[in-house]
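Asker: Pasting a structure below so you can have a look.
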Amino acid sequence: MYVLKRKLKNGTRVGKLYTPHGMISAPFFMPVGTVGSVKAMMPAELRAMGAEIILSNTYHLYLRPGEKNIKSLGGLHKFMNWDGPILTDSGGYQVFSLARGNNYSKNTVIPAQAGIQANQTQQNNFLDPGSQATGRDDTLKSMVKITDDGVEFRSHLDGSKHFFTPEKVIDIQLDLGVDILMPLDVCPSGKATREEVEEAVRLTTEWARRAKAHFDKKVASTEYRVPSKRPLLHGIIQGGLYEDLRRKSASELIELDFDGYSVGGLAVDFETRDMWNIVKLMGEILPEDKQRYLMGVGTPDDIIKATRLGMDMFDCVLPTRLARHGSVYIKNQKQKTKNDSEYELINLLKSEYRLDDKPIDENCGCEACRGNFWSRGNSEISPKINAKADGGGFSRAYISHLLRCNEILGHRLTTTHNLWTYLNLMCELRTEK
RNA sequence: GCGGCCAUAGUGAAGUGGUUAUCACGGCAGUUUGUGGCACUGCAGUGGUGGGUUCAAUUCCCGCUGGCCGCC
């Protein structure tokens, strides 16, 4: 249940979201832990940084280790030793990102005449052994098949065939025991035609209806019927950059009365600058008394902008992924006009940081910049706003060295810094006047 | 001292008498938005030295220098 406490002059909605595993102050950011782990971070560290909820993934946990196994081990919370709220993405995005052919396939396009080499690449894992790989498109088409009933796809791990229906995806998430469930949706590419987006909206609504019916039935017949234990189910709005389709999708889902609403399909394949009309529209037409989740967004500046347009929930792989690739966010000190970004990204692998003895950000209060991991015990569970580095932090030079050596501590420090930056930003947004 | 083997990018290695000499790691520069990512894409950088054979030598031959191994 979402409670809107107050709306700031700049448009930010400050509220509380109640879940079976506790209350979350909104707006909030969910660190991404796709396979049941926020890469390189311990649950207690996430807590100490001010994380109140994390995101995990239905598709990945279903494939490995399997939701039944997690259930038999006491559920996802116990399995990963995180006792706060968990949201799982439905896997719709993963399945359709397979179809879009990003990532590996983007980089291992295999022409027919290079078929011998194809057998030596990882992509071989998801080729149909019985089919001729005549090129990327044919290969990918064979990986995902959508019907009205659901979606057939091949595991990226071993190529095995699987079928997701809206009902099955609800069942998996209930087995995992998560707090907020996403229904199976159709997430089209940013390059999709209007006709394809229309079809995605149609199926997404139809699947949402089935997911909700199944969820309500399932919840009523299990321990989840106790109000304090009942998880939340979102509806996911699609419609690409078409305002009329977004309106249609939103009104159909609102009609079905979900616990909250997610705005999907904007974080991928689009130039982010193009999405703001849609985000603004969503902020205007979604129910005031339900939480709004802008899926997959974004940079710190994106999040600032989106909260002011009425979004409450965010997740993004950028802080964690960029950290592992050496990039960290720092507050932009040179900010002059309102149009300048508030955060800038620097890459610690650049040679200019090799002998830089400053912490990542002198104005940052994170454990990497302050250098006192664990010394504060568990007493402080929220970031200290405007905390300054106290001179005991890890230097850019040292972290640069660790990253070059591929040392785990390097990843831990940069991830800590980036996540703290995001979580501290959310804390600031919630307490603005 | 004698004999054998070797010398190719910063490092370690391929390969060839004939357009632009290959690969890995390292270096440098980019990319990353509901994680198929400790990933990916680019770029830069090489024939020890002096002769000889040949239309043409990094490649074949000789000397020198340096290294490794064996023998006295």
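Ligands are numbered from 1 in the order shown, chains are lettered A, B, ... in the order of the structure tokens, and residues start at 1 in each chain.
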Within 9 Å of stretch 26-35 of chain B, counting only C-alpha atoms (C1' of nucleotides), which residues show up once you throw out same-chain ones fewer than 6 positions away? Write them as an MDAnalysis selection string, please.
Answerer: (chainID A and resid 32:34 89:94 264:268 272 294:299 315:318 321:322 350:351) or (chainID B and resid 10:11 41:44)
Asker: If you run DSSP over the backbone, which residues in stretch 166-336 of chain A end up helix (DSSP H, G or I)? Put them as number ranges by chain.
Answerer: A: 166-176, 194-220, 223-225, 227-229, 243-256, 272-274, 276-285, 300-308, 318-324
Asker: Now that the selection is made, can you save its residues with C-alpha atoms as a CSV table (one decimal), in the first residue's frame?
Answerer:
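Dumped everything to out_27.csv:
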chain,number,residue,atom,x,y,z
A,166,PRO,CA,1.4,-14.8,-17.4
A,167,GLU,CA,0.2,-17.4,-14.8
A,168,LYS,CA,3.5,-19.2,-14.6
A,169,VAL,CA,5.4,-16.0,-14.0
A,170,ILE,CA,3.1,-15.1,-11.1
A,171,ASP,CA,3.6,-18.6,-9.7
A,172,ILE,CA,7.4,-18.3,-9.9
A,173,GLN,CA,7.4,-15.0,-8.1
A,174,LEU,CA,5.1,-16.3,-5.4
A,175,ASP,CA,7.4,-19.3,-4.9
A,176,LEU,CA,10.3,-16.9,-4.5
A,194,ARG,CA,3.6,1.4,-34.5
A,195,GLU,CA,1.8,-1.8,-35.5
A,196,GLU,CA,4.3,-3.8,-33.4
A,197,VAL,CA,3.8,-1.5,-30.4
A,198,GLU,CA,0.0,-1.7,-30.7
A,199,GLU,CA,0.3,-5.5,-30.6
A,200,ALA,CA,2.6,-5.2,-27.6
A,201,VAL,CA,0.1,-3.1,-25.8
A,202,ARG,CA,-2.8,-5.5,-26.7
A,203,LEU,CA,-0.9,-8.5,-25.4
A,204,THR,CA,0.5,-6.7,-22.3
A,205,THR,CA,-3.0,-5.8,-21.2
A,206,GLU,CA,-4.4,-9.2,-21.9
A,207,TRP,CA,-1.5,-10.9,-20.0
A,208,ALA,CA,-2.0,-8.3,-17.2
A,209,ARG,CA,-5.6,-9.3,-16.9
A,210,ARG,CA,-4.7,-13.0,-16.7
A,211,ALA,CA,-1.9,-12.3,-14.3
A,212,LYS,CA,-4.1,-10.3,-11.9
A,213,ALA,CA,-6.9,-13.0,-12.0
A,214,HIS,CA,-4.4,-15.7,-11.3
A,215,PHE,CA,-2.6,-13.7,-8.6
A,216,ASP,CA,-5.9,-12.8,-6.8
A,217,LYS,CA,-7.0,-16.5,-6.9
A,218,LYS,CA,-3.6,-17.7,-5.7
A,219,VAL,CA,-3.3,-15.2,-2.9
A,220,ALA,CA,-6.8,-15.9,-1.6
A,223,GLU,CA,-0.9,-17.8,3.5
A,224,TYR,CA,-0.6,-14.6,1.4
A,225,ARG,CA,-4.3,-13.8,2.1
A,227,PRO,CA,-3.2,-8.5,4.6
A,228,SER,CA,0.3,-8.0,6.2
A,229,LYS,CA,1.7,-10.8,4.1
A,243,GLU,CA,1.1,9.2,-26.4
A,244,ASP,CA,-2.2,7.7,-27.5
A,245,LEU,CA,-1.0,4.1,-27.0
A,246,ARG,CA,0.5,5.0,-23.6
A,247,ARG,CA,-2.9,6.5,-22.6
A,248,LYS,CA,-4.7,3.4,-23.8
A,249,SER,CA,-2.3,1.1,-22.1
A,250,ALA,CA,-2.5,3.1,-18.8
A,251,SER,CA,-6.3,3.3,-18.8
A,252,GLU,CA,-6.7,-0.4,-19.5
A,253,LEU,CA,-4.4,-1.3,-16.6
A,254,ILE,CA,-5.9,1.3,-14.2
A,255,GLU,CA,-9.3,-0.3,-15.0
A,256,LEU,CA,-7.8,-3.6,-13.7
A,272,THR,CA,16.6,9.2,-23.2
A,273,ARG,CA,15.8,12.7,-24.3
A,274,ASP,CA,12.9,11.4,-26.3
A,276,TRP,CA,10.3,12.8,-21.2
A,277,ASN,CA,6.9,13.6,-22.9
A,278,ILE,CA,5.8,10.1,-22.0
A,279,VAL,CA,7.1,10.3,-18.4
A,280,LYS,CA,5.4,13.6,-18.0
A,281,LEU,CA,2.1,12.1,-19.3
A,282,MET,CA,2.4,9.2,-17.0
A,283,GLY,CA,2.9,11.5,-14.0
A,284,GLU,CA,-0.3,13.3,-15.0
A,285,ILE,CA,-2.6,10.4,-15.6
A,300,PRO,CA,21.2,10.5,-11.4
A,301,ASP,CA,20.0,13.4,-13.5
A,302,ASP,CA,17.3,11.2,-15.2
A,303,ILE,CA,16.1,10.3,-11.7
A,304,ILE,CA,16.0,13.8,-10.4
A,305,LYS,CA,14.0,14.8,-13.5
A,306,ALA,CA,11.6,11.9,-13.2
A,307,THR,CA,10.8,12.4,-9.5
A,308,ARG,CA,9.7,15.9,-10.4
A,318,LEU,CA,24.2,1.8,-14.4
A,319,PRO,CA,25.7,2.4,-10.9
A,320,THR,CA,26.7,-1.2,-10.4
A,321,ARG,CA,27.8,-2.0,-14.0
A,322,LEU,CA,29.6,1.3,-14.6
A,323,ALA,CA,31.4,0.8,-11.3
A,324,ARG,CA,32.8,-2.6,-12.4
Asker: If we count only C-alpha atoms (C1' of nucleotides), what is near B:C6 at a cut-off of 12 Å, once residues fewer than 2 positions away on the same chain are taken out, given as a PyMOL selection string?
Answerer: chain B and resi 4+66-69
Asker: May I have all residues of stretch 194-270 of chain A that DSSP, computed from the backbone, assigns to strand (DSSP E), given as a VMD selection string?
Answerer: chain A and resid 232 to 237 260 to 263
Asker: Of the candidates B:G3, B:G37, B:G47, B:G12, which one gets nearest to chain A if we count only C-alpha atoms (C1' of nucleotides)?
Answerer: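 Looking only at the distances to chain A, the closest residue turns out to be B:G37.
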Asker: So what do you get for atom CA of A:Thr12 versus atom CA of A:Ile24, distance-wise?
Answerer: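 If I compute the distance from atom CA of A:Thr12 to atom CA of A:Ile24, I get 15.9 Å.
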Asker: Write out as a list in words which residues come within 12 Å of B:C2 when counting only C-alpha atoms (C1' of nucleotides), dropping same-chain ones fewer than 2 positions away.
Answerer: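 Once the nearby chain positions are removed, what remains is G4, G70, C71 and C72 of chain B.
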Asker: Go ahead and save the residues from that selection, with C-alpha atoms (C1' of nucleotides), as an mmCIF file, in the first residue's frame.
Answerer:
data_model
loop_
_atom_site.group_PDB
_atom_site.id
_atom_site.type_symbol
_atom_site.label_atom_id
_atom_site.label_comp_id
_atom_site.auth_asym_id
_atom_site.auth_seq_id
_atom_site.Cartn_x
_atom_site.Cartn_y
_atom_site.Cartn_z
ATOM 1 C "C1'" G B 4 74.355 -26.534 -30.703
ATOM 2 C "C1'" G B 70 75.857 -28.874 -23.611
ATOM 3 C "C1'" C B 71 81.152 -30.164 -23.599
ATOM 4 C "C1'" C B 72 86.335 -29.255 -22.163
#
Asker: With a distance cut-off of 12 Å and only C-alpha atoms (C1' of nucleotides), select the neighbouring residues of B:G63, excluding the residue or stretch itself and same-chain residues fewer than 2 positions from it, and output the selection as a PyMOL selection string.
Answerer: chain B and resi 49-52+61+65
Asker: Can you pull out every residue within 10 Å of B:C60, counting only C-alpha atoms (C1' of nucleotides), but drop anything in the same chain fewer than 6 positions away, and send it as a list in words?
Answerer: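 Non-adjacent residues within range: G17, U53 and U54 of chain B.
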Asker: Considering only C-alpha atoms (C1' of nucleotides), can you say which of A:His156, A:Arg47, A:Lys191, A:Lys145 comes closest to chain B?
Answerer: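 Counting only C-alpha atoms (C1' of nucleotides), the residue closest to chain B is A:His156.
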Asker: Please determine, counting only C-alpha atoms, which residue among A:Ser327, A:Thr58, A:Gln333, A:Ser72 has the shortest atom-to-atom distance to A:Phe164.
Answerer: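 The answer is A:Thr58, which sits nearest to A:Phe164.
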Asker: Just checking: using only C-alpha atoms, which residue out of A:Pro183, A:Gly190, A:Gly310, A:Pro31 ends up closest to A:Leu233?
Answerer: A:Pro183
